[in-house]
>>> print(open('query.txt').read())   # compact mmCIF, C-alpha atoms
# COMPACT_ATOMS: atom_id res chain seq x y z
CA MET A 96 125.99 79.06 78.14
CA ILE A 97 124.43 82.41 79.08
CA THR A 98 121.54 83.10 76.77
CA TYR A 99 120.57 86.40 75.18
CA THR A 100 117.43 86.54 77.33
CA LEU A 101 119.41 86.30 80.57
CA SER A 102 121.92 88.90 79.43
CA ARG A 103 119.10 91.23 78.44
CA SER A 104 117.45 90.81 81.87
CA LEU A 105 120.64 91.84 83.63
CA ALA A 106 121.06 94.80 81.33
CA VAL A 107 117.53 96.01 82.01
CA ALA A 108 118.06 95.62 85.76
CA THR A 109 121.14 97.81 85.52
CA VAL A 110 119.32 100.47 83.52
CA LEU A 111 116.64 100.60 86.21
CA VAL A 112 119.15 102.28 88.53
CA ALA A 113 118.76 105.40 86.44
CA THR A 114 115.22 105.21 85.04
CA PRO A 115 112.01 103.21 85.57
CA ALA A 116 111.92 102.04 81.94
CA LEU A 117 114.05 102.04 78.80
CA ALA A 118 114.07 105.58 77.43
CA ALA A 119 113.20 106.96 74.02
CA GLN A 120 115.87 109.30 72.66
CA TYR A 121 115.10 112.38 70.58
CA GLY A 122 118.50 113.85 69.89
CA PRO A 123 119.73 115.26 73.22
CA PHE A 124 116.30 114.73 74.82
CA GLU A 125 114.94 111.67 76.58
CA VAL A 126 111.36 110.67 77.44
CA VAL A 127 110.46 107.70 79.61
CA GLY A 128 107.49 106.73 81.73
CA PHE A 129 104.55 104.45 82.35
CA LEU A 130 100.78 104.41 82.77
CA LYS A 131 99.20 101.82 85.03
CA ASP A 132 95.57 101.10 85.85
CA GLU A 133 94.42 98.29 88.09
CA TYR A 134 91.36 97.18 90.01
CA ALA A 135 91.51 95.19 93.25
CA LEU A 136 88.85 93.31 95.21
CA CYS A 137 89.24 92.56 98.92
CA ASP A 138 86.98 90.18 100.85
CA ASN A 139 87.69 91.42 104.38
CA CYS A 140 88.83 95.05 104.33
CA SER A 141 87.97 97.83 106.74
CA GLU A 142 85.35 100.30 105.59
CA GLY A 143 87.24 103.11 107.36
CA LEU A 144 88.19 104.49 110.76
CA VAL A 145 85.83 105.20 113.64
CA ASN A 146 86.24 108.33 115.80
CA LYS A 147 88.79 109.97 113.53
CA SER A 148 91.18 112.35 115.24
CA ALA A 149 94.57 114.02 114.74
CA TYR A 150 95.45 112.75 118.23
CA ASP A 151 96.76 109.20 118.57
CA THR A 152 96.76 108.39 114.86
CA ARG A 153 97.69 104.76 115.64
CA GLY A 154 94.61 104.35 117.85
CA VAL A 155 96.46 102.72 120.76
CA LEU A 156 95.88 105.03 123.76
CA SER A 157 93.14 104.84 126.39
CA PRO A 158 91.94 107.33 127.56
CA PRO A 159 90.27 108.89 125.69
CA VAL A 160 87.11 106.82 126.01
CA PRO A 161 85.95 105.84 123.49
CA MET A 162 89.36 105.38 121.87
CA VAL A 163 90.00 107.33 118.66
CA ASN A 164 90.96 106.10 115.19
CA GLN A 165 89.55 102.61 115.72
CA GLY A 166 88.94 100.07 112.98
CA GLY A 167 85.60 100.05 111.25
CA ASP A 168 83.57 97.01 110.26
CA SER A 169 85.11 94.69 107.69
CA GLU A 170 83.42 94.05 104.37
CA ALA A 171 84.08 93.21 100.73
CA THR A 172 85.51 96.26 98.99
CA GLY A 173 86.81 97.25 95.57
CA ARG A 174 89.22 100.01 94.62
CA ASN A 175 90.78 101.37 91.46
CA LEU A 176 94.37 102.58 91.17
CA PHE A 177 95.64 104.78 88.37
CA LEU A 178 99.36 105.53 88.51
CA MET A 179 101.43 107.52 86.04
CA GLN A 180 105.08 108.55 85.91
CA LEU A 181 106.77 110.77 83.34
CA THR A 182 110.51 111.51 83.18
CA LEU A 183 112.04 114.13 80.90
CA GLY A 184 115.77 114.46 80.43
CA ALA A 185 118.31 116.33 78.36
CA SER A 186 122.02 115.65 77.99
CA HIS A 187 125.04 116.63 75.94
CA GLU A 188 128.39 114.86 75.67
CA PHE A 189 131.53 116.81 74.78
CA ASP A 190 134.48 115.54 72.76
CA ASN A 191 136.46 114.91 75.95
CA ALA A 192 133.74 112.45 77.17
CA VAL A 193 132.39 114.87 79.78
CA LYS A 194 128.60 114.66 79.81
CA VAL A 195 126.16 117.18 81.29
CA GLU A 196 122.54 116.30 81.99
CA ALA A 197 119.30 117.51 83.54
CA ARG A 198 116.31 115.39 84.50
CA THR A 199 112.89 115.74 86.08
CA SER A 200 110.28 113.14 87.04
CA GLY A 201 106.67 113.47 88.13
CA ARG A 202 104.22 110.91 89.56
CA MET A 203 100.44 111.00 89.84
CA ARG A 204 98.12 108.62 91.73
CA ASN A 205 94.38 108.89 91.08
CA THR A 206 94.62 112.59 90.03
CA GLU A 207 96.72 113.48 93.11
CA ALA A 208 100.45 113.58 93.75
CA ASP A 209 101.65 110.03 94.37
CA ILE A 210 103.79 111.26 97.28
CA TYR A 211 102.10 113.95 99.38
CA ASP A 212 103.10 117.49 98.44
CA ASN A 213 105.60 116.19 95.85
CA TRP A 214 104.32 116.13 92.28
CA MET A 215 107.97 116.00 91.21
CA THR A 216 110.11 113.26 92.70
CA ASP A 217 113.27 114.21 90.79
CA LEU A 218 114.61 117.54 89.58
CA TYR A 219 118.36 117.65 89.22
CA ALA A 220 121.35 118.49 87.03
CA GLY A 221 124.67 116.72 86.85
CA VAL A 222 127.96 116.03 85.15
CA SER A 223 129.65 112.68 84.49
CA HIS A 224 132.79 111.16 83.03
CA PRO A 225 133.54 107.49 82.22
CA THR A 226 136.61 107.57 84.47
CA TYR A 227 135.61 109.88 87.34
CA GLY A 228 131.96 108.93 87.76
CA SER A 229 128.95 111.22 88.12
CA LEU A 230 127.99 114.18 90.32
CA GLN A 231 124.38 115.35 90.55
CA VAL A 232 122.70 118.14 92.52
CA GLY A 233 118.99 118.82 93.12
CA LYS A 234 115.94 116.83 94.22
CA PHE A 235 116.12 113.03 94.16
CA SER A 236 114.08 109.94 94.80
CA SER A 237 115.98 107.68 97.20
CA ARG A 238 117.57 104.35 96.40
CA SER A 239 115.93 102.86 99.50
CA TRP A 240 112.54 103.37 97.82
CA THR A 241 113.14 103.11 94.06
CA ARG A 242 115.43 100.09 94.18
CA THR A 243 113.25 98.11 96.60
CA ASP A 244 110.30 98.91 94.33
CA SER A 245 112.19 97.55 91.32
CA PHE A 246 112.78 94.21 93.05
CA ALA A 247 109.30 93.84 94.58
CA TYR A 248 107.08 95.12 91.74
CA PRO A 249 107.52 92.02 89.51
CA LEU A 250 106.25 89.93 92.45
CA GLY A 251 103.18 92.10 93.05
CA LEU A 252 104.60 93.10 96.46
CA SER A 253 105.73 96.65 95.82
CA SER A 254 103.77 98.29 98.66
CA PRO A 255 104.55 95.91 101.56
CA TRP A 256 108.27 95.84 100.68
CA ALA A 257 109.11 99.22 99.13
CA GLU A 258 106.82 101.38 101.28
CA SER A 259 107.34 99.81 104.72
CA GLY A 260 109.92 100.28 107.44
CA ALA A 261 112.26 103.16 108.17
CA GLY A 262 113.65 105.55 105.59
CA TYR A 263 112.50 108.29 103.23
CA GLY A 264 111.61 108.18 99.54
CA VAL A 265 112.27 111.73 98.29
CA TYR A 266 115.08 114.15 99.13
CA PRO A 267 114.11 117.81 98.56
CA GLU A 268 117.71 119.08 98.51
CA ALA A 269 120.57 116.68 97.87
CA ILE A 270 123.90 115.97 96.25
CA ARG A 271 124.81 112.54 94.89
CA TYR A 272 128.12 111.12 93.71
CA GLY A 273 128.47 107.81 91.91
CA THR A 274 131.65 106.05 90.90
CA LYS A 275 132.21 104.37 87.59
CA GLU A 276 131.52 100.66 87.36
CA PHE A 277 134.63 98.72 88.43
CA GLU A 278 135.56 95.39 86.88
CA ILE A 279 136.56 92.82 89.52
CA PRO A 280 137.44 89.12 89.09
CA ILE A 281 133.97 87.98 90.13
CA GLY A 282 131.85 90.61 88.38
CA LYS A 283 131.22 94.36 88.43
CA ILE A 284 130.67 96.74 91.31
CA ARG A 285 129.61 100.37 91.65
CA PHE A 286 129.41 102.74 94.64
CA GLU A 287 127.21 105.75 95.27
CA ALA A 288 126.76 108.23 98.13
CA SER A 289 124.02 110.84 98.69
CA TYR A 290 123.74 113.67 101.21
CA ALA A 291 120.38 115.40 101.72
CA GLN A 292 118.79 118.05 103.86
CA ALA A 293 115.32 119.49 104.32
CA ASP A 294 113.88 122.80 105.51
CA GLU A 295 113.26 123.35 109.19
CA ARG A 296 109.55 122.99 109.89
CA LYS A 297 108.16 125.29 112.54
CA PRO A 298 104.88 124.45 114.30
CA LEU A 299 101.63 126.24 113.58
CA ASN A 300 102.00 128.29 116.75
CA HIS A 301 105.58 129.50 117.08
CA GLY A 302 104.94 130.63 120.64
CA SER A 303 104.52 127.00 121.75
CA LEU A 304 108.15 126.14 121.02
CA LEU A 305 110.39 125.18 123.91
CA GLU A 306 113.14 123.83 121.68
CA GLY A 307 113.46 124.92 118.08
CA PRO A 308 113.08 122.67 115.04
CA PRO A 309 116.14 120.51 114.30
CA ASP A 310 118.17 120.80 111.11
CA PRO A 311 117.12 117.70 109.09
CA LYS A 312 120.08 115.83 107.58
CA LEU A 313 120.41 112.48 105.82
CA TYR A 314 122.97 110.39 104.02
CA GLU A 315 122.58 107.25 101.94
CA ILE A 316 125.11 104.68 100.71
CA PHE A 317 124.27 102.49 97.71
CA ILE A 318 126.41 99.59 96.44
CA GLN A 319 125.48 97.52 93.39
CA TYR A 320 127.20 94.28 92.41
CA SER A 321 126.45 92.13 89.36
CA ASN A 322 127.76 89.19 87.41
CA GLU A 323 126.33 86.84 84.80
CA LYS A 324 123.72 85.37 87.17
CA ASN A 325 123.36 87.84 90.05
CA LEU A 326 122.32 91.38 90.81
CA VAL A 327 122.94 92.27 94.47
CA GLU A 328 122.42 95.65 96.14
CA LEU A 329 123.21 97.04 99.57
CA ILE A 330 121.58 100.26 100.79
CA TYR A 331 122.13 102.12 104.04
CA GLN A 332 120.26 105.31 104.92
CA ASP A 333 120.66 107.30 108.14
CA SER A 334 118.90 110.52 109.13
CA THR A 335 118.41 112.94 112.01
CA GLY A 336 115.83 115.65 112.55
CA GLY A 337 113.20 114.18 110.24
CA ARG A 338 109.50 113.62 110.88
CA GLN A 339 109.34 109.98 111.86
CA SER A 340 107.14 107.26 110.37
CA SER A 341 107.30 103.79 108.82
CA PHE A 342 106.18 104.98 105.39
CA SER A 343 109.52 104.63 103.60
CA LYS A 344 108.13 106.11 100.38
CA GLY A 345 107.33 109.45 102.01
CA ALA A 346 109.33 112.62 101.51
CA PHE A 347 112.05 113.78 103.91
CA TYR A 348 110.39 116.44 106.08
CA GLY A 349 111.77 118.10 109.18
CA ALA A 350 110.40 117.58 112.68
CA GLN A 351 108.93 120.66 114.32
CA GLY A 352 110.90 120.65 117.58
CA ASN A 353 109.57 120.43 121.12
CA THR A 354 106.18 122.02 121.78
CA ASN A 355 105.20 119.87 124.78
CA GLY A 356 106.77 122.09 127.42
CA GLU A 357 109.73 121.61 129.75
CA VAL A 358 107.73 119.70 132.36
CA SER A 359 106.04 117.40 129.84
CA SER A 360 109.14 116.48 127.86
CA PRO A 361 112.37 116.88 129.83
CA GLN A 362 114.03 114.07 127.84
CA TYR A 363 113.25 115.50 124.39
CA ASP A 364 115.81 114.71 121.71
CA ASP A 365 115.86 115.16 117.96
CA PRO A 366 114.34 112.12 116.20
CA SER A 367 116.53 109.82 114.13
CA GLU A 368 116.07 106.69 112.07
CA SER A 369 118.03 104.38 109.80
CA VAL A 370 117.48 101.47 107.43
CA LEU A 371 119.82 98.79 106.08
CA ILE A 372 118.67 96.78 103.05
CA LEU A 373 120.25 93.80 101.29
CA GLN A 374 118.37 92.55 98.25
CA GLY A 375 119.05 90.76 95.02
CA ASN A 376 118.04 88.70 92.02
CA TYR A 377 119.46 85.34 90.99
CA TRP A 378 118.89 84.12 87.44
CA MET A 379 119.20 80.32 87.50
CA ASN A 380 118.69 80.24 83.72
CA ASP A 381 116.73 82.13 81.07
CA LYS A 382 113.41 80.97 82.60
CA TRP A 383 113.82 81.05 86.39
CA LYS A 384 114.55 84.14 88.49
CA PHE A 385 114.67 84.25 92.28
CA THR A 386 114.34 87.42 94.37
CA TYR A 387 115.25 87.97 98.00
CA GLY A 388 115.61 90.79 100.48
CA LEU A 389 116.41 91.56 104.12
CA LYS A 390 115.69 94.88 105.84
CA ARG A 391 116.65 96.28 109.23
CA SER A 392 114.75 99.38 110.40
CA GLN A 393 115.61 101.44 113.45
CA TRP A 394 113.72 104.40 114.94
CA SER A 395 114.55 106.60 117.91
CA GLY A 396 110.86 107.08 118.63
CA GLN A 397 109.06 110.42 118.55
CA ALA A 398 106.50 111.78 121.00
CA GLN A 399 103.26 113.35 119.85
CA GLN A 400 103.59 117.12 119.89
CA CYS A 401 100.92 119.29 121.51
CA ASP A 402 101.23 122.44 119.41
CA TYR A 403 99.27 124.55 121.91
CA GLY A 404 97.52 127.65 120.61
CA ARG A 405 94.32 129.65 120.43
CA VAL A 406 91.35 128.33 118.48
CA SER A 407 88.86 131.08 119.47
CA THR A 408 89.00 134.86 119.77
CA VAL A 409 85.70 135.21 121.66
CA PRO A 410 86.28 137.45 124.73
CA GLY A 411 86.05 135.60 128.01
CA VAL A 412 86.19 132.18 126.37
CA ASP A 413 89.17 129.89 126.87
CA GLY A 414 89.89 129.30 123.21
CA SER A 415 93.15 127.35 123.51
CA ALA A 416 93.71 123.73 122.50
CA CYS A 417 96.30 121.30 121.24
CA PHE A 418 96.99 120.98 117.52
CA TRP A 419 98.36 117.44 117.12
CA ASP A 420 100.04 118.31 113.80
CA GLN A 421 103.07 116.06 114.45
CA PRO A 422 101.70 112.56 115.11
CA GLY A 423 104.86 110.98 116.52
CA PHE A 424 106.04 107.38 116.23
CA ASN A 425 106.01 104.52 118.76
CA TYR A 426 104.72 106.98 121.33
CA SER A 427 103.06 106.20 124.65
CA ASP A 428 100.68 108.05 126.95
CA GLU A 429 103.72 109.65 128.60
CA LEU A 430 104.78 112.72 126.62
CA ASP A 431 108.14 112.78 128.40
CA LYS A 432 109.29 109.43 126.96
CA MET A 433 110.82 108.37 123.63
CA TYR A 434 110.94 104.65 122.90
CA SER A 435 113.37 103.37 120.30
CA ALA A 436 112.52 100.34 118.16
CA VAL A 437 114.25 97.89 115.81
CA ALA A 438 112.53 95.60 113.29
CA TYR A 439 113.84 92.99 110.84
CA ASP A 440 111.74 92.22 107.74
CA ALA A 441 112.23 89.88 104.76
CA MET A 442 111.11 89.24 101.17
CA LEU A 443 111.36 86.10 99.04
CA GLY A 444 109.98 85.27 95.62
CA ALA A 445 110.42 83.53 92.28
CA GLY A 446 109.46 84.14 88.67
CA TYR A 447 109.13 81.76 85.73
CA THR A 448 109.13 83.02 82.14
CA ARG A 449 107.53 81.04 79.34
CA GLY A 450 107.39 82.93 76.09
CA LYS A 451 105.22 86.00 76.58
CA TRP A 452 103.99 84.77 79.97
CA ILE A 453 105.55 85.33 83.39
CA TYR A 454 104.36 83.49 86.51
CA THR A 455 105.39 84.73 89.94
CA VAL A 456 105.03 83.80 93.60
CA GLY A 457 106.35 85.74 96.55
CA GLY A 458 105.94 86.90 100.10
CA VAL A 459 106.92 89.72 102.44
CA TYR A 460 107.20 89.09 106.17
CA LEU A 461 106.99 92.05 108.56
CA ASN A 462 108.39 90.88 111.87
CA LYS A 463 107.85 91.81 115.50
CA ALA A 464 109.82 94.82 116.73
CA SER A 465 112.12 95.16 119.72
CA THR A 466 111.16 98.09 121.97
CA ASN A 467 110.56 98.94 125.65
CA ASN A 468 107.33 100.81 124.93
CA PRO A 469 104.75 99.68 127.56
CA VAL A 470 101.93 100.56 125.15
CA GLU A 471 101.06 97.95 122.49
CA TRP A 472 101.87 99.95 119.36
CA GLY A 473 102.14 96.89 117.12
CA GLN A 474 105.54 95.67 118.28
CA ASP A 475 104.12 92.21 119.13
CA ASN A 476 102.33 91.74 115.82
CA THR A 477 103.55 90.29 112.52
CA ALA A 478 102.23 90.35 108.97
CA LEU A 479 102.74 87.98 106.05
CA PHE A 480 101.80 89.25 102.57
CA LEU A 481 101.57 86.57 99.86
CA ASN A 482 100.93 86.98 96.13
CA LEU A 483 100.51 84.71 93.12
CA GLY A 484 100.91 86.67 89.91
CA ILE A 485 100.58 86.16 86.16
CA TYR A 486 101.81 88.64 83.56
CA ARG A 487 101.61 88.67 79.79
CA ASP A 488 103.46 90.94 77.42
CA LEU A 489 101.33 92.19 74.52
CA PRO A 490 103.69 92.85 71.60
CA GLU A 491 100.66 92.83 69.29
CA PHE A 492 99.60 96.10 70.94
CA SER A 493 103.03 97.74 70.76
CA LEU A 494 103.01 101.11 69.05
CA ALA A 495 105.60 103.25 67.26
CA ARG A 496 107.89 100.31 66.48
CA GLY A 497 107.97 99.08 70.04
CA LEU A 498 108.32 102.48 71.70
CA PHE A 499 105.06 101.88 73.60
CA LYS A 500 104.85 98.45 75.22
CA MET A 501 101.84 96.98 77.02
CA GLN A 502 101.54 94.31 79.65
CA VAL A 503 98.47 92.91 81.42
CA TYR A 504 98.56 91.13 84.76
CA GLY A 505 96.51 89.53 87.50
CA GLY A 506 97.18 88.44 91.04
CA LEU A 507 95.77 86.54 94.01
CA GLY A 508 96.89 87.95 97.34
CA ARG A 509 96.52 87.07 100.99
CA VAL A 510 97.61 88.86 104.17
CA MET A 511 97.82 87.12 107.56
CA PHE A 512 98.54 88.89 110.83
CA GLY A 513 100.09 87.17 113.81
CA ARG A 514 97.48 88.45 116.27
CA GLN A 515 94.52 90.76 116.62
CA GLY A 516 95.74 94.23 117.50
CA PRO A 517 97.65 97.19 116.02
CA ALA A 518 99.61 96.52 112.82
CA PRO A 519 103.37 95.79 112.98
CA LEU A 520 105.61 98.82 113.46
CA SER A 521 106.93 98.46 109.90
CA MET A 522 103.45 99.23 108.54
CA PRO A 523 102.74 102.98 108.23
CA SER A 524 99.14 102.57 109.41
CA ASN A 525 96.68 99.93 110.58
CA ILE A 526 95.03 99.78 107.15
CA ALA A 527 98.08 100.11 104.90
CA PHE A 528 98.80 97.80 101.95
CA GLY A 529 95.30 96.71 101.03
CA GLY A 530 92.96 97.87 103.77
CA VAL A 531 92.75 94.87 106.13
CA ASP A 532 92.76 96.22 109.71
CA PRO A 533 94.34 93.68 112.10
CA ARG A 534 92.39 95.15 115.02
CA THR A 535 89.19 93.76 113.50
CA SER A 536 90.39 91.08 111.02
CA GLU A 537 93.41 88.80 111.27
CA SER A 538 93.47 87.94 107.56
CA GLY A 539 92.15 88.94 104.17
CA ASN A 540 92.22 87.90 100.51
CA SER A 541 92.46 89.98 97.35
CA PHE A 542 92.19 89.70 93.58
CA THR A 543 93.86 92.22 91.27
CA ILE A 544 93.79 92.79 87.52
CA GLY A 545 95.58 95.55 85.68
CA ALA A 546 97.39 96.85 82.63
CA ASN A 547 100.72 98.64 82.35
CA LEU A 548 101.89 100.77 79.40
CA THR A 549 105.57 101.72 79.32
CA PHE A 550 107.34 104.11 76.98
>>> encode(input="query.txt", output="C-alpha cells")
Amino acid sequence: MITYTLSRSLAVATVLVATPALAAQYGPFEVVGFLKDEYALCDNCSEGLVNKSAYDTRGVLSPPVPMVNQGGDSEATGRNLFLMQLTLGASHEFDNAVKVEARTSGRMRNTEADIYDNWMTDLYAGVSHPTYGSLQVGKFSSRSWTRTDSFAYPLGLSSPWAESGAGYGVYPEAIRYGTKEFEIPIGKIRFEASYAQADERKPLNHGSLLEGPPDPKLYEIFIQYSNEKNLVELIYQDSTGGRQSSFSKGAFYGAQGNTNGEVSSPQYDDPSESVLILQGNYWMNDKWKFTYGLKRSQWSGQAQQCDYGRVSTVPGVDGSACFWDQPGFNYSDELDKMYSAVAYDAMLGAGYTRGKWIYTVGGVYLNKASTNNPVEWGQDNTALFLNLGIYRDLPEFSLARGLFKMQVYGGLGRVMFGRQGPAPLSMPSNIAFGGVDPRTSESGNSFTIGANLTF
C-alpha cells in the first residue's frame, strides 16, 4: 500500500520542476522562496592562493618561476553562508483552459549575486494548455543545474554535484517548450526542450582580434519519468561558442574569439561542451529514500587568450601587455593547441525519515578525465565528497498557518583526493567545494550547522 507520505513526496518532487518550494497564492499572484544561513568549520582548508594572477588560473604551468596561483598553507577555517531566493509570478487562466504567466526569480549569496553578474536567474513569460503543453520565452535557469541541485541538496552535496562538470546554469536569452505529462502503462513521462543564445563578447582590445567572437548557442533536452516509487530524470545539454569552465552553475557567456595571433594559434576553433545526466530517487517505503546520479562531461578545451593591448601612454615606453581576461580550460603551455577532455562522475545517497527527523548519508565521486593534454591539469586526480546529515522540521516555528516553514540541519563532511596535485577537471577550481586544496592537502573534514526558512 502506498502511503500518504510517499505520495506527498512524489508530488513535491514534481512541483520542484517549476519552483524551489511550494508557492503561496494571492489571487493571480504567486510568491515562493527561501532564506538559508549556515556556518561551516574546516580542519584543513587553504588560507588562500599565493602569487595570484589572471594568467594560468589553474596554477599548472612552469614557467613562470615561481609558479602563479599556488595553494597557500592549510589551517582550520570557518565561514558563514547566507543564501536567499525569491520568486514572483503572475498567471491568468481563460475559460478555454489557456493559461498565461510571467515569472521572475532572484538569488543572493552573502550580499552579492549568487551567480556572477546575474541577480535574476529567471525572467520569462509563457503560455500553456493542458493538451498542447507550455511555451516560455525569456531568461531561464537550466535544468542541468536546478534539477541536480534538487536531488543533491537533501544529501548535503549540492555544490560537488550540482556545480561541477560541464554545462551552464543560466540562459540569458532562451525559448523553452514542454509537453503535457503523458500517461503510460508503467507511469508518467514528460518531455521538454530549450534553445538558448548569448551575446557575442568582444575582448577588451578589439584590435587584438584575429578571429571574431563566435555566436554562442545552446540546446537542452529534459525528460522526466515517475511512478509510485520512482522519479527519474535525463538531461542533455550541448553548446558551442561559450566561455568554457567546469562550473556548471555559471551563466552562459560567449567566448571572445581568437586574440593569440595567427602564428600562435593556427588550430583555433570555437569552444564547445556538453553534459549528459541521469539521476533519480527511489522510495522504498514511506521512510527510506535512495538517490543516485551519473554524469558525463565533455569539453573541447580552450586556450588562454592573450588580449594584447596598451597599458601605458607614456611616450617612449613600451606600454603593451597581455590581458588574460579569458582564462581557458584544460590549456597547456602551447597556445596553438586545444585539448579535449571527457569525465564521468557519480552520486549515491540515502535518506531515512522518522517523524520530524531526517537522517542522510551520501557521496559524490569526481573521476579522472580522459585527455591528451601533456600538462597535468587535474586529469589524473579524483575526489570523493562524503556527508552525514541530520535534519529536523520545526512545525512549532511555522508562521501564517504553515506558510513559513523552518528546518534546522547539521552535517559531518569529508573530502579525499586521489593524489596530491591539481583538482579533478570536474572541479571549477583547486579550492572549490569547501576550500581544501589538493596541491597542499589530500583530505579534509568539515562540520556544518544551518537553518532554512521556506515560504
>>> atom_distance(input="query.txt", atom1="atom CA of Glu125 of chain A", atom2="atom CA of Gly184 of chain A")
4.8 Å
>>> closest_residue(input="query.txt", among="A:Gly262, A:Gly458, A:Gly484, A:Gly282", to="Gly446 of chain A", atoms="only C-alpha atoms")
A:Gly484
>>> atom_distance(input="query.txt", atom1="atom CA of Met433 of chain A", atom2="atom CA of Ala398 of chain A")
6.1 Å
>>> closest_residue(input="query.txt", among="A:Thr386, A:Ser343, A:Gln120, A:Thr535", to="Pro249 of chain A", atoms="only C-alpha atoms")
A:Thr386
>>> atom_distance(input="query.txt", atom1="atom CA of Lys463 of chain A", atom2="atom CA of Ala149 of chain A")
25.9 Å
>>> closest_residue(input="query.txt", among="A:Ala261, A:Ile318, A:Val193, A:Ile544", to="Gln393 of chain A", atoms="only C-alpha atoms")
A:Ala261
